[in-house]
$ cat run.cif   # mmCIF, C-alpha atoms and all ligand atoms
data_query
loop_
_atom_site.label_atom_id
_atom_site.label_comp_id
_atom_site.auth_asym_id
_atom_site.auth_seq_id
_atom_site.Cartn_x
_atom_site.Cartn_y
_atom_site.Cartn_z
CA MET A 947 -4.38 20.70 -5.41
CA TYR A 948 -7.04 18.23 -4.19
CA LEU A 949 -7.71 16.79 -7.65
CA PHE A 950 -3.99 16.60 -8.37
CA PHE A 951 -3.29 14.50 -5.25
CA LEU A 952 -6.44 12.42 -5.70
CA THR A 953 -5.62 11.52 -9.33
CA LEU A 954 -1.97 10.77 -8.56
CA HIS A 955 -2.82 8.74 -5.44
CA SER A 956 -5.48 6.78 -7.33
CA LEU A 957 -3.20 5.93 -10.29
CA PHE A 958 -0.17 5.24 -8.11
CA ARG A 959 -1.99 2.33 -6.47
CA TRP A 960 -1.22 0.31 -9.63
CA VAL A 961 2.49 1.11 -9.35
CA VAL A 962 2.50 0.06 -5.66
CA LEU A 963 0.62 -3.18 -6.42
CA THR A 964 2.96 -4.01 -9.32
CA GLY A 965 6.04 -3.50 -7.11
CA LEU A 966 4.56 -5.59 -4.34
CA LEU A 967 3.48 -8.42 -6.65
CA LEU A 968 6.91 -8.49 -8.29
CA GLY A 969 8.51 -8.61 -4.83
CA LEU A 970 6.23 -11.46 -3.80
CA GLY A 971 6.87 -13.33 -7.04
CA ARG A 972 10.64 -13.15 -6.48
CA ALA A 973 10.28 -14.01 -2.78
CA TYR A 974 8.14 -17.15 -3.25
CA ARG A 975 10.16 -18.27 -6.30
CA GLY A 976 13.41 -17.89 -4.35
CA TRP A 977 12.10 -19.44 -1.14
CA LEU A 978 10.31 -22.46 -2.61
CA GLY A 979 12.82 -22.97 -5.46
CA GLN A 980 15.85 -22.57 -3.11
CA LYS A 981 17.46 -19.91 -5.33
CA PRO A 982 20.32 -17.57 -4.41
CA PHE A 983 19.28 -14.07 -3.28
CA THR A 984 20.65 -11.95 -6.14
CA PRO A 985 21.30 -8.18 -6.33
CA PHE A 986 18.14 -8.03 -8.52
CA ASP A 987 16.09 -9.56 -5.68
CA ASN A 988 17.53 -6.96 -3.34
CA THR A 989 16.61 -4.14 -5.75
CA VAL A 990 13.05 -5.49 -6.07
CA ARG A 991 12.75 -5.67 -2.25
CA HIS A 992 14.01 -2.12 -1.83
CA THR A 993 11.97 -0.69 -4.73
CA ALA A 994 8.69 -2.26 -3.53
CA ALA A 995 9.16 -0.62 -0.11
CA THR A 996 10.15 2.74 -1.64
CA LEU A 997 7.10 2.82 -3.95
CA ALA A 998 4.85 2.17 -0.93
CA HIS A 999 6.54 5.06 0.90
CA VAL A 1000 5.82 7.38 -2.04
CA GLN A 1001 2.15 6.36 -1.85
CA LEU A 1002 2.21 6.98 1.89
CA MET A 1003 3.43 10.55 1.24
CA LEU A 1004 0.78 11.10 -1.44
CA GLY A 1005 -1.84 9.70 0.95
CA TYR A 1006 -0.85 12.07 3.74
CA GLY A 1007 -0.78 14.96 1.25
CA LEU A 1008 -4.32 14.04 0.27
CA TYR A 1009 -5.36 13.67 3.88
CA PHE A 1010 -4.81 17.37 4.56
CA VAL A 1011 -6.76 18.63 1.51
CA SER A 1012 -9.57 16.07 1.21
CA PRO A 1013 -13.09 17.40 1.88
CA LEU A 1014 -14.07 13.87 2.93
CA VAL A 1015 -11.46 13.80 5.67
CA GLN A 1016 -12.61 17.27 6.69
CA ALA A 1017 -16.20 15.95 6.85
CA PHE A 1018 -14.94 13.13 9.09
CA HIS A 1019 -13.35 15.63 11.47
CA LEU A 1020 -16.48 17.81 11.46
CA ARG A 1021 -18.67 14.71 11.97
CA ASP A 1022 -20.72 15.64 8.90
CA ALA A 1023 -23.64 13.14 9.03
CA GLU A 1024 -24.39 13.36 5.30
CA HIS A 1025 -21.05 11.74 4.40
CA ALA A 1026 -20.82 9.56 7.52
CA PRO A 1027 -19.82 6.05 6.26
CA THR A 1028 -17.54 7.25 3.43
CA ALA A 1029 -16.01 9.93 5.64
CA LEU A 1030 -15.32 7.33 8.35
CA PHE A 1031 -13.71 5.05 5.78
CA PHE A 1032 -11.38 7.67 4.27
CA GLY A 1033 -10.89 9.71 7.44
CA PHE A 1034 -9.94 6.75 9.59
CA GLN A 1035 -10.18 3.12 8.34
CA HIS A 1036 -8.35 3.55 5.02
CA VAL A 1037 -5.65 5.73 6.54
CA ALA A 1038 -5.09 3.47 9.57
CA ALA A 1039 -5.07 0.19 7.59
CA MET A 1040 -2.74 1.57 4.89
CA THR A 1041 -0.35 3.08 7.41
CA VAL A 1042 -0.15 -0.24 9.29
CA ALA A 1043 0.31 -2.13 5.99
CA ILE A 1044 3.23 0.08 4.99
CA VAL A 1045 4.82 -0.27 8.43
CA VAL A 1046 4.52 -4.09 8.06
CA LEU A 1047 6.08 -3.87 4.59
CA THR A 1048 8.93 -1.71 5.88
CA ILE A 1049 9.67 -4.03 8.82
CA GLY A 1050 9.60 -7.05 6.49
CA SER A 1051 11.94 -5.39 4.04
CA ALA A 1052 14.38 -4.34 6.79
CA LEU A 1053 14.34 -7.78 8.44
CA ALA A 1054 14.86 -9.56 5.10
CA LYS A 1055 17.91 -7.39 4.45
CA ARG A 1056 19.46 -8.42 7.79
CA ARG A 1057 18.82 -12.20 7.57
CA SER A 1058 21.99 -14.25 7.20
CA THR A 1059 20.92 -16.96 4.70
CA ASP A 1060 19.28 -16.53 1.29
CA ALA A 1061 16.38 -18.85 2.26
CA GLU A 1062 15.66 -16.73 5.35
CA LYS A 1063 15.77 -13.53 3.31
CA PHE A 1064 13.21 -14.88 0.82
CA ARG A 1065 11.00 -16.38 3.54
CA THR A 1066 10.93 -13.15 5.59
CA MET A 1067 10.16 -11.10 2.49
CA ALA A 1068 7.43 -13.55 1.39
CA LEU A 1069 5.59 -13.61 4.74
CA TRP A 1070 5.72 -9.91 5.62
CA PHE A 1071 4.95 -8.74 2.06
CA THR A 1072 1.97 -11.14 1.93
CA ALA A 1073 0.55 -9.66 5.16
CA ALA A 1074 1.02 -6.12 3.81
CA LEU A 1075 -0.58 -6.99 0.46
CA LEU A 1076 -3.67 -8.53 2.09
CA LEU A 1077 -4.20 -5.43 4.22
CA ILE A 1078 -3.72 -3.13 1.21
CA LEU A 1079 -6.15 -5.14 -0.94
CA LEU A 1080 -8.74 -4.96 1.85
CA ALA A 1081 -8.38 -1.19 2.32
CA ILE A 1082 -8.43 -0.14 -1.36
CA PRO A 1083 -11.84 1.34 -2.26
CA TRP A 1084 -12.43 -1.08 -5.19
CA PRO A 1085 -15.66 -0.63 -7.20
CA PHE A 1086 -16.82 -3.87 -5.48
CA SER A 1087 -15.62 -3.02 -1.96
CA PRO A 1088 -18.24 -3.29 0.82
CA PHE A 1089 -16.67 -0.28 2.64
CA ALA A 1090 -16.38 2.49 0.01
CA THR A 1091 -16.26 2.44 -3.78
CA ARG A 1092 -14.12 4.48 -6.18
CA PRO A 1093 -13.22 4.07 -9.88
CA LEU A 1094 -10.39 1.75 -10.94
CA PHE A 1095 -8.83 4.54 -13.01
CA ARG A 1096 -9.11 8.27 -12.51
CA PHE A 1097 -7.71 10.67 -15.15
C1 LIG B 1101 -0.63 1.40 -0.38
C2 LIG B 1101 -1.25 2.40 0.15
C3 LIG B 1101 -2.47 3.07 -0.40
C4 LIG B 1101 -3.23 2.76 -1.49
C5 LIG B 1101 -3.03 1.62 -2.48
C6 LIG B 1101 -4.29 3.74 -1.55
C7 LIG B 1101 -5.29 3.78 -2.51
C8 LIG B 1101 -6.31 4.71 -2.56
C9 LIG B 1101 -7.34 4.76 -3.57
C10 LIG B 1101 -7.43 3.81 -4.75
C11 LIG B 1101 -8.15 5.80 -3.29
C12 LIG B 1101 -9.37 6.28 -4.09
C13 LIG B 1101 -8.96 7.42 -4.99
C14 LIG B 1101 -10.09 7.85 -5.88
O1 LIG B 1101 -11.07 8.42 -5.35
O2 LIG B 1101 -10.00 7.62 -7.08
C15 LIG B 1101 -7.66 6.41 -2.07
C16 LIG B 1101 -8.23 7.48 -1.46
C17 LIG B 1101 -7.72 8.12 -0.37
N1 LIG B 1101 -6.54 7.79 0.29
FE1 LIG B 1101 -5.38 6.21 -0.07
N2 LIG B 1101 -4.16 4.61 -0.50
C18 LIG B 1101 -3.06 4.23 0.23
C19 LIG B 1101 -2.58 4.82 1.37
C20 LIG B 1101 -3.10 5.96 1.94
C21 LIG B 1101 -2.58 6.61 3.11
C22 LIG B 1101 -1.38 6.11 3.90
C23 LIG B 1101 -3.37 7.70 3.32
C24 LIG B 1101 -3.29 8.76 4.36
C25 LIG B 1101 -2.53 8.83 5.32
C26 LIG B 1101 -4.39 7.74 2.31
C27 LIG B 1101 -5.36 8.70 2.22
C28 LIG B 1101 -6.40 8.68 1.33
C29 LIG B 1101 -7.51 9.62 1.33
C30 LIG B 1101 -7.69 10.77 2.32
C31 LIG B 1101 -8.34 9.27 0.27
C32 LIG B 1101 -9.70 9.86 -0.13
C33 LIG B 1101 -9.64 11.18 -0.71
C34 LIG B 1101 -11.00 11.70 -1.13
O3 LIG B 1101 -11.79 10.99 -1.81
O4 LIG B 1101 -11.23 12.86 -0.81
N3 LIG B 1101 -4.19 6.66 1.49
N4 LIG B 1101 -6.53 5.73 -1.66
#
$ encode --input "run.cif" --output "structure tokens"
Amino acid sequence: MYLFFLTLHSLFRWVVLTGLLLGLGRAYRGWLGQKPFTPFDNTVRHTAATLAHVQLMLGYGLYFVSPLVQAFHLRDAEHAPTALFFGFQHVAAMTVAIVVLTIGSALAKRRSTDAEKFRTMALWFTAALLLILLAIPWPFSPFATRPLFRF
């Protein structure tokens, strides 16, 4: 169960990042190029938020089976920095990032003009992306390192 969630959660990061980058691409293109907000833009906005919610569910699934999170709760000194990262920092930063993404997506949907929709989506999605990039355990991260691909 642990390896299943870990592998899926690790690979799904690429799906989340692709959705978010596509959303940002459409948002900045529409905002700066003064384009109309099309049904495709709306689908991209909605899909990017939904993919992040799937990752949130996978993350919380992993949270309850991960030995590292367990070590964090037991204050296991041997795993201290990594356990702190996965037991608290990663989870907190990612949860906040997905809340930011969700608020941005909901606000964009309710804006009255196309320019406002694109602008709202661009700004809130950028904030969420920065937080996500910071909290991913990249092989070069100063906080915790994990492989780029896990099979
Ligand atoms: C966009 C959101 C997220 C992304 C992109 C993401 C990405 C990742 C990545 C790349 C790993 C390393 C996997 C590996 O070892 O190969 C990881 C580990 C982990 N994630 Fe996330 N994550 C996200 C959100 C969350 C959330 C919301 C939670 C929990 C509530 C969570 C819980 C965990 C845990 C517990 C681990 C470590 C498991 C272990 O090594 O035992 N993640 N995450």
$ atom_distance --input "run.cif" --atom1 "atom CA of A:Ser956" --atom2 "atom C22 of ligand LIG 1101 (chain B)"
12.0 Å
$ residues_near_point --input "run.cif" --point "(1.2, 17.9, -5.6)" --cutoff "12 Å" --atoms "all atoms listed in the file" --output "list of chain:residue names"
A:Met947, A:Tyr948, A:Leu949, A:Phe950, A:Phe951, A:Leu952, A:Thr953, A:Leu954, A:His955, A:Met1003, A:Leu1004, A:Gly1005, A:Tyr1006, A:Gly1007, A:Leu1008, A:Phe1010, A:Val1011
$ write_last_selection --input "run.cif" --atoms "C-alpha atoms" --output "PDB file, in the frame of the given file"
ATOM      1  CA  MET A 947      -4.380  20.700  -5.410  1.00  0.00           C
ATOM      2  CA  TYR A 948      -7.040  18.230  -4.190  1.00  0.00           C
ATOM      3  CA  LEU A 949      -7.710  16.790  -7.650  1.00  0.00           C
ATOM      4  CA  PHE A 950      -3.990  16.600  -8.370  1.00  0.00           C
ATOM      5  CA  PHE A 951      -3.290  14.500  -5.250  1.00  0.00           C
ATOM      6  CA  LEU A 952      -6.440  12.420  -5.700  1.00  0.00           C
ATOM      7  CA  THR A 953      -5.620  11.520  -9.330  1.00  0.00           C
ATOM      8  CA  LEU A 954      -1.970  10.770  -8.560  1.00  0.00           C
ATOM      9  CA  HIS A 955      -2.820   8.740  -5.440  1.00  0.00           C
ATOM     10  CA  MET A1003       3.430  10.550   1.240  1.00  0.00           C
ATOM     11  CA  LEU A1004       0.780  11.100  -1.440  1.00  0.00           C
ATOM     12  CA  GLY A1005      -1.840   9.700   0.950  1.00  0.00           C
ATOM     13  CA  TYR A1006      -0.850  12.070   3.740  1.00  0.00           C
ATOM     14  CA  GLY A1007      -0.780  14.960   1.250  1.00  0.00           C
ATOM     15  CA  LEU A1008      -4.320  14.040   0.270  1.00  0.00           C
ATOM     16  CA  PHE A1010      -4.810  17.370   4.560  1.00  0.00           C
ATOM     17  CA  VAL A1011      -6.760  18.630   1.510  1.00  0.00           C
TER      18      VAL A1011
END
$ residues_near_ligand --input "run.cif" --ligand "ligand LIG 1101 (chain B)" --cutoff "8 Å" --atoms "only C-alpha atoms and all ligand atoms" --output "PDB file with C-alpha atoms, in the frame of the given file"
ATOM      1  CA  TYR A 948      -7.040  18.230  -4.190  1.00  0.00           C
ATOM      2  CA  LEU A 952      -6.440  12.420  -5.700  1.00  0.00           C
ATOM      3  CA  THR A 953      -5.620  11.520  -9.330  1.00  0.00           C
ATOM      4  CA  HIS A 955      -2.820   8.740  -5.440  1.00  0.00           C
ATOM      5  CA  SER A 956      -5.480   6.780  -7.330  1.00  0.00           C
ATOM      6  CA  LEU A 957      -3.200   5.930 -10.290  1.00  0.00           C
ATOM      7  CA  PHE A 958      -0.170   5.240  -8.110  1.00  0.00           C
ATOM      8  CA  ARG A 959      -1.990   2.330  -6.470  1.00  0.00           C
ATOM      9  CA  TRP A 960      -1.220   0.310  -9.630  1.00  0.00           C
ATOM     10  CA  VAL A 962       2.500   0.060  -5.660  1.00  0.00           C
ATOM     11  CA  LEU A 963       0.620  -3.180  -6.420  1.00  0.00           C
ATOM     12  CA  ALA A 998       4.850   2.170  -0.930  1.00  0.00           C
ATOM     13  CA  GLN A1001       2.150   6.360  -1.850  1.00  0.00           C
ATOM     14  CA  LEU A1002       2.210   6.980   1.890  1.00  0.00           C
ATOM     15  CA  MET A1003       3.430  10.550   1.240  1.00  0.00           C
ATOM     16  CA  LEU A1004       0.780  11.100  -1.440  1.00  0.00           C
ATOM     17  CA  GLY A1005      -1.840   9.700   0.950  1.00  0.00           C
ATOM     18  CA  TYR A1006      -0.850  12.070   3.740  1.00  0.00           C
ATOM     19  CA  GLY A1007      -0.780  14.960   1.250  1.00  0.00           C
ATOM     20  CA  LEU A1008      -4.320  14.040   0.270  1.00  0.00           C
ATOM     21  CA  TYR A1009      -5.360  13.670   3.880  1.00  0.00           C
ATOM     22  CA  PHE A1010      -4.810  17.370   4.560  1.00  0.00           C
ATOM     23  CA  VAL A1011      -6.760  18.630   1.510  1.00  0.00           C
ATOM     24  CA  SER A1012      -9.570  16.070   1.210  1.00  0.00           C
ATOM     25  CA  PRO A1013     -13.090  17.400   1.880  1.00  0.00           C
ATOM     26  CA  LEU A1014     -14.070  13.870   2.930  1.00  0.00           C
ATOM     27  CA  VAL A1015     -11.460  13.800   5.670  1.00  0.00           C
ATOM     28  CA  PHE A1032     -11.380   7.670   4.270  1.00  0.00           C
ATOM     29  CA  GLY A1033     -10.890   9.710   7.440  1.00  0.00           C
ATOM     30  CA  HIS A1036      -8.350   3.550   5.020  1.00  0.00           C
ATOM     31  CA  VAL A1037      -5.650   5.730   6.540  1.00  0.00           C
ATOM     32  CA  ALA A1038      -5.090   3.470   9.570  1.00  0.00           C
ATOM     33  CA  ALA A1039      -5.070   0.190   7.590  1.00  0.00           C
ATOM     34  CA  MET A1040      -2.740   1.570   4.890  1.00  0.00           C
ATOM     35  CA  THR A1041      -0.350   3.080   7.410  1.00  0.00           C
ATOM     36  CA  ALA A1043       0.310  -2.130   5.990  1.00  0.00           C
ATOM     37  CA  ILE A1044       3.230   0.080   4.990  1.00  0.00           C
ATOM     38  CA  ILE A1078      -3.720  -3.130   1.210  1.00  0.00           C
ATOM     39  CA  LEU A1079      -6.150  -5.140  -0.940  1.00  0.00           C
ATOM     40  CA  ALA A1081      -8.380  -1.190   2.320  1.00  0.00           C
ATOM     41  CA  ILE A1082      -8.430  -0.140  -1.360  1.00  0.00           C
ATOM     42  CA  PRO A1083     -11.840   1.340  -2.260  1.00  0.00           C
ATOM     43  CA  TRP A1084     -12.430  -1.080  -5.190  1.00  0.00           C
ATOM     44  CA  THR A1091     -16.260   2.440  -3.780  1.00  0.00           C
ATOM     45  CA  ARG A1092     -14.120   4.480  -6.180  1.00  0.00           C
ATOM     46  CA  PRO A1093     -13.220   4.070  -9.880  1.00  0.00           C
ATOM     47  CA  LEU A1094     -10.390   1.750 -10.940  1.00  0.00           C
ATOM     48  CA  PHE A1095      -8.830   4.540 -13.010  1.00  0.00           C
ATOM     49  CA  ARG A1096      -9.110   8.270 -12.510  1.00  0.00           C
TER      50      ARG A1096
END
$ atom_distance --input "run.cif" --atom1 "atom CA of A:Phe1089" --atom2 "atom CA of A:Leu1020"
20.1 Å
$ residues_around --input "run.cif" --residues "A:Arg1057" --least-positions-apart "6" --cutoff "12 Å" --atoms "only C-alpha atoms" --output "compact mmCIF listing (two decimals) with C-alpha atoms, keeping the file's coordinate frame"
# COMPACT_ATOMS: atom_id res chain seq x y z
CA PHE A 983 19.28 -14.07 -3.28
CA GLY A 1050 9.60 -7.05 6.49
CA SER A 1051 11.94 -5.39 4.04
CA LYS A 1063 15.77 -13.53 3.31
CA PHE A 1064 13.21 -14.88 0.82
CA ARG A 1065 11.00 -16.38 3.54
CA THR A 1066 10.93 -13.15 5.59
CA MET A 1067 10.16 -11.10 2.49
$ closest_residue --input "run.cif" --among "A:Ala1029, A:Ala1054, A:Leu1080, A:Ala1023" --to "A:Asp987" --atoms "only C-alpha atoms"
A:Ala1054
$ axis_aligned_box --input "run.cif" --around "stretch 1052-1065 of chain A" --padding-each-side "3 Å" --output "JSON"
{"center_x": 16.5, "center_y": -11.6, "center_z": 4.6, "size_x": 17.0, "size_y": 20.5, "size_z": 13.6}
$ decode --input "run.cif" --residues "stretch 981-1020 of chain A" --atoms "N, CA and C atoms" --output "PDB file, in the first residue's frame"
ATOM      1  N   LYS A 981      -6.934  38.364 -25.120  1.00  0.00           N
ATOM      2  CA  LYS A 981      -7.751  37.377 -25.875  1.00  0.00           C
ATOM      3  C   LYS A 981      -9.093  37.170 -25.163  1.00  0.00           C
ATOM      4  N   PRO A 982     -10.055  36.588 -25.890  1.00  0.00           N
ATOM      5  CA  PRO A 982     -11.320  36.218 -25.224  1.00  0.00           C
ATOM      6  C   PRO A 982     -11.118  34.949 -24.387  1.00  0.00           C
ATOM      7  N   PHE A 983     -11.821  34.859 -23.265  1.00  0.00           N
ATOM      8  CA  PHE A 983     -11.729  33.692 -22.385  1.00  0.00           C
ATOM      9  C   PHE A 983     -12.650  32.612 -22.963  1.00  0.00           C
ATOM     10  N   THR A 984     -12.050  31.605 -23.596  1.00  0.00           N
ATOM     11  CA  THR A 984     -12.833  30.602 -24.335  1.00  0.00           C
ATOM     12  C   THR A 984     -13.244  29.434 -23.424  1.00  0.00           C
ATOM     13  N   PRO A 985     -14.173  28.596 -23.898  1.00  0.00           N
ATOM     14  CA  PRO A 985     -14.518  27.380 -23.121  1.00  0.00           C
ATOM     15  C   PRO A 985     -13.277  26.508 -22.885  1.00  0.00           C
ATOM     16  N   PHE A 986     -12.315  26.518 -23.819  1.00  0.00           N
ATOM     17  CA  PHE A 986     -11.078  25.738 -23.619  1.00  0.00           C
ATOM     18  C   PHE A 986     -10.294  26.282 -22.414  1.00  0.00           C
ATOM     19  N   ASP A 987     -10.197  27.614 -22.322  1.00  0.00           N
ATOM     20  CA  ASP A 987      -9.513  28.220 -21.170  1.00  0.00           C
ATOM     21  C   ASP A 987     -10.191  27.804 -19.865  1.00  0.00           C
ATOM     22  N   ASN A 988     -11.504  27.763 -19.900  1.00  0.00           N
ATOM     23  CA  ASN A 988     -12.251  27.383 -18.701  1.00  0.00           C
ATOM     24  C   ASN A 988     -11.993  25.917 -18.327  1.00  0.00           C
ATOM     25  N   THR A 989     -11.902  25.059 -19.347  1.00  0.00           N
ATOM     26  CA  THR A 989     -11.608  23.642 -19.096  1.00  0.00           C
ATOM     27  C   THR A 989     -10.205  23.486 -18.517  1.00  0.00           C
ATOM     28  N   VAL A 990      -9.253  24.244 -19.060  1.00  0.00           N
ATOM     29  CA  VAL A 990      -7.864  24.172 -18.557  1.00  0.00           C
ATOM     30  C   VAL A 990      -7.827  24.631 -17.097  1.00  0.00           C
ATOM     31  N   ARG A 991      -8.512  25.726 -16.790  1.00  0.00           N
ATOM     32  CA  ARG A 991      -8.572  26.235 -15.405  1.00  0.00           C
ATOM     33  C   ARG A 991      -9.118  25.165 -14.465  1.00  0.00           C
ATOM     34  N   HIS A 992     -10.241  24.580 -14.866  1.00  0.00           N
ATOM     35  CA  HIS A 992     -10.910  23.594 -14.021  1.00  0.00           C
ATOM     36  C   HIS A 992     -10.071  22.316 -13.885  1.00  0.00           C
ATOM     37  N   THR A 993      -9.476  21.871 -15.001  1.00  0.00           N
ATOM     38  CA  THR A 993      -8.682  20.634 -14.986  1.00  0.00           C
ATOM     39  C   THR A 993      -7.432  20.788 -14.119  1.00  0.00           C
ATOM     40  N   ALA A 994      -6.766  21.945 -14.212  1.00  0.00           N
ATOM     41  CA  ALA A 994      -5.547  22.163 -13.414  1.00  0.00           C
ATOM     42  C   ALA A 994      -5.888  22.044 -11.925  1.00  0.00           C
ATOM     43  N   ALA A 995      -7.010  22.627 -11.512  1.00  0.00           N
ATOM     44  CA  ALA A 995      -7.400  22.571 -10.094  1.00  0.00           C
ATOM     45  C   ALA A 995      -7.782  21.136  -9.704  1.00  0.00           C
ATOM     46  N   THR A 996      -8.474  20.439 -10.592  1.00  0.00           N
ATOM     47  CA  THR A 996      -8.900  19.063 -10.279  1.00  0.00           C
ATOM     48  C   THR A 996      -7.692  18.135 -10.133  1.00  0.00           C
ATOM     49  N   LEU A 997      -6.706  18.282 -11.028  1.00  0.00           N
ATOM     50  CA  LEU A 997      -5.504  17.429 -10.950  1.00  0.00           C
ATOM     51  C   LEU A 997      -4.781  17.662  -9.623  1.00  0.00           C
ATOM     52  N   ALA A 998      -4.729  18.923  -9.189  1.00  0.00           N
ATOM     53  CA  ALA A 998      -4.082  19.231  -7.907  1.00  0.00           C
ATOM     54  C   ALA A 998      -4.859  18.588  -6.755  1.00  0.00           C
ATOM     55  N   HIS A 999      -6.187  18.551  -6.888  1.00  0.00           N
ATOM     56  CA  HIS A 999      -6.997  17.923  -5.818  1.00  0.00           C
ATOM     57  C   HIS A 999      -6.753  16.420  -5.763  1.00  0.00           C
ATOM     58  N   VAL A1000      -6.551  15.795  -6.922  1.00  0.00           N
ATOM     59  CA  VAL A1000      -6.237  14.354  -6.936  1.00  0.00           C
ATOM     60  C   VAL A1000      -4.909  14.118  -6.206  1.00  0.00           C
ATOM     61  N   GLN A1001      -3.927  14.990  -6.474  1.00  0.00           N
ATOM     62  CA  GLN A1001      -2.623  14.857  -5.801  1.00  0.00           C
ATOM     63  C   GLN A1001      -2.751  15.080  -4.294  1.00  0.00           C
ATOM     64  N   LEU A1002      -3.635  15.983  -3.929  1.00  0.00           N
ATOM     65  CA  LEU A1002      -3.890  16.240  -2.503  1.00  0.00           C
ATOM     66  C   LEU A1002      -4.419  14.960  -1.831  1.00  0.00           C
ATOM     67  N   MET A1003      -5.346  14.291  -2.508  1.00  0.00           N
ATOM     68  CA  MET A1003      -5.901  13.030  -1.968  1.00  0.00           C
ATOM     69  C   MET A1003      -4.819  11.961  -1.864  1.00  0.00           C
ATOM     70  N   LEU A1004      -4.008  11.843  -2.919  1.00  0.00           N
ATOM     71  CA  LEU A1004      -2.916  10.850  -2.897  1.00  0.00           C
ATOM     72  C   LEU A1004      -1.947  11.176  -1.761  1.00  0.00           C
ATOM     73  N   GLY A1005      -1.674  12.477  -1.595  1.00  0.00           N
ATOM     74  CA  GLY A1005      -0.753  12.929  -0.543  1.00  0.00           C
ATOM     75  C   GLY A1005      -1.272  12.559   0.837  1.00  0.00           C
ATOM     76  N   TYR A1006      -2.578  12.798   1.060  1.00  0.00           N
ATOM     77  CA  TYR A1006      -3.133  12.460   2.382  1.00  0.00           C
ATOM     78  C   TYR A1006      -3.221  10.947   2.569  1.00  0.00           C
ATOM     79  N   GLY A1007      -3.426  10.217   1.481  1.00  0.00           N
ATOM     80  CA  GLY A1007      -3.385   8.743   1.566  1.00  0.00           C
ATOM     81  C   GLY A1007      -2.007   8.303   2.027  1.00  0.00           C
ATOM     82  N   LEU A1008      -0.992   8.900   1.416  1.00  0.00           N
ATOM     83  CA  LEU A1008       0.399   8.571   1.735  1.00  0.00           C
ATOM     84  C   LEU A1008       0.747   8.956   3.177  1.00  0.00           C
ATOM     85  N   TYR A1009       0.191  10.072   3.583  1.00  0.00           N
ATOM     86  CA  TYR A1009       0.466  10.601   4.925  1.00  0.00           C
ATOM     87  C   TYR A1009       0.167   9.557   6.014  1.00  0.00           C
ATOM     88  N   PHE A1010      -0.915   8.808   5.807  1.00  0.00           N
ATOM     89  CA  PHE A1010      -1.335   7.868   6.859  1.00  0.00           C
ATOM     90  C   PHE A1010      -0.611   6.523   6.798  1.00  0.00           C
ATOM     91  N   VAL A1011       0.180   6.280   5.737  1.00  0.00           N
ATOM     92  CA  VAL A1011       0.898   4.990   5.670  1.00  0.00           C
ATOM     93  C   VAL A1011       2.419   5.180   5.644  1.00  0.00           C
ATOM     94  N   SER A1012       2.885   6.420   5.541  1.00  0.00           N
ATOM     95  CA  SER A1012       4.322   6.651   5.406  1.00  0.00           C
ATOM     96  C   SER A1012       5.087   6.432   6.722  1.00  0.00           C
ATOM     97  N   PRO A1013       6.135   5.597   6.669  1.00  0.00           N
ATOM     98  CA  PRO A1013       6.953   5.414   7.882  1.00  0.00           C
ATOM     99  C   PRO A1013       7.692   6.699   8.276  1.00  0.00           C
ATOM    100  N   LEU A1014       7.944   7.573   7.284  1.00  0.00           N
ATOM    101  CA  LEU A1014       8.629   8.835   7.600  1.00  0.00           C
ATOM    102  C   LEU A1014       7.731   9.761   8.413  1.00  0.00           C
ATOM    103  N   VAL A1015       6.466   9.790   8.047  1.00  0.00           N
ATOM    104  CA  VAL A1015       5.509  10.621   8.789  1.00  0.00           C
ATOM    105  C   VAL A1015       5.339  10.045  10.193  1.00  0.00           C
ATOM    106  N   GLN A1016       5.341   8.706  10.264  1.00  0.00           N
ATOM    107  CA  GLN A1016       5.241   8.038  11.568  1.00  0.00           C
ATOM    108  C   GLN A1016       6.453   8.415  12.437  1.00  0.00           C
ATOM    109  N   ALA A1017       7.642   8.424  11.790  1.00  0.00           N
ATOM    110  CA  ALA A1017       8.872   8.793  12.512  1.00  0.00           C
ATOM    111  C   ALA A1017       8.773  10.226  13.026  1.00  0.00           C
ATOM    112  N   PHE A1018       8.148  11.087  12.221  1.00  0.00           N
ATOM    113  CA  PHE A1018       7.958  12.491  12.634  1.00  0.00           C
ATOM    114  C   PHE A1018       7.084  12.545  13.897  1.00  0.00           C
ATOM    115  N   HIS A1019       6.004  11.760  13.885  1.00  0.00           N
ATOM    116  CA  HIS A1019       5.106  11.782  15.043  1.00  0.00           C
ATOM    117  C   HIS A1019       5.737  11.145  16.273  1.00  0.00           C
ATOM    118  N   LEU A1020       6.641  10.183  16.043  1.00  0.00           N
ATOM    119  CA  LEU A1020       7.306   9.522  17.178  1.00  0.00           C
ATOM    120  C   LEU A1020       8.581  10.259  17.589  1.00  0.00           C
TER     121      LEU A1020
END
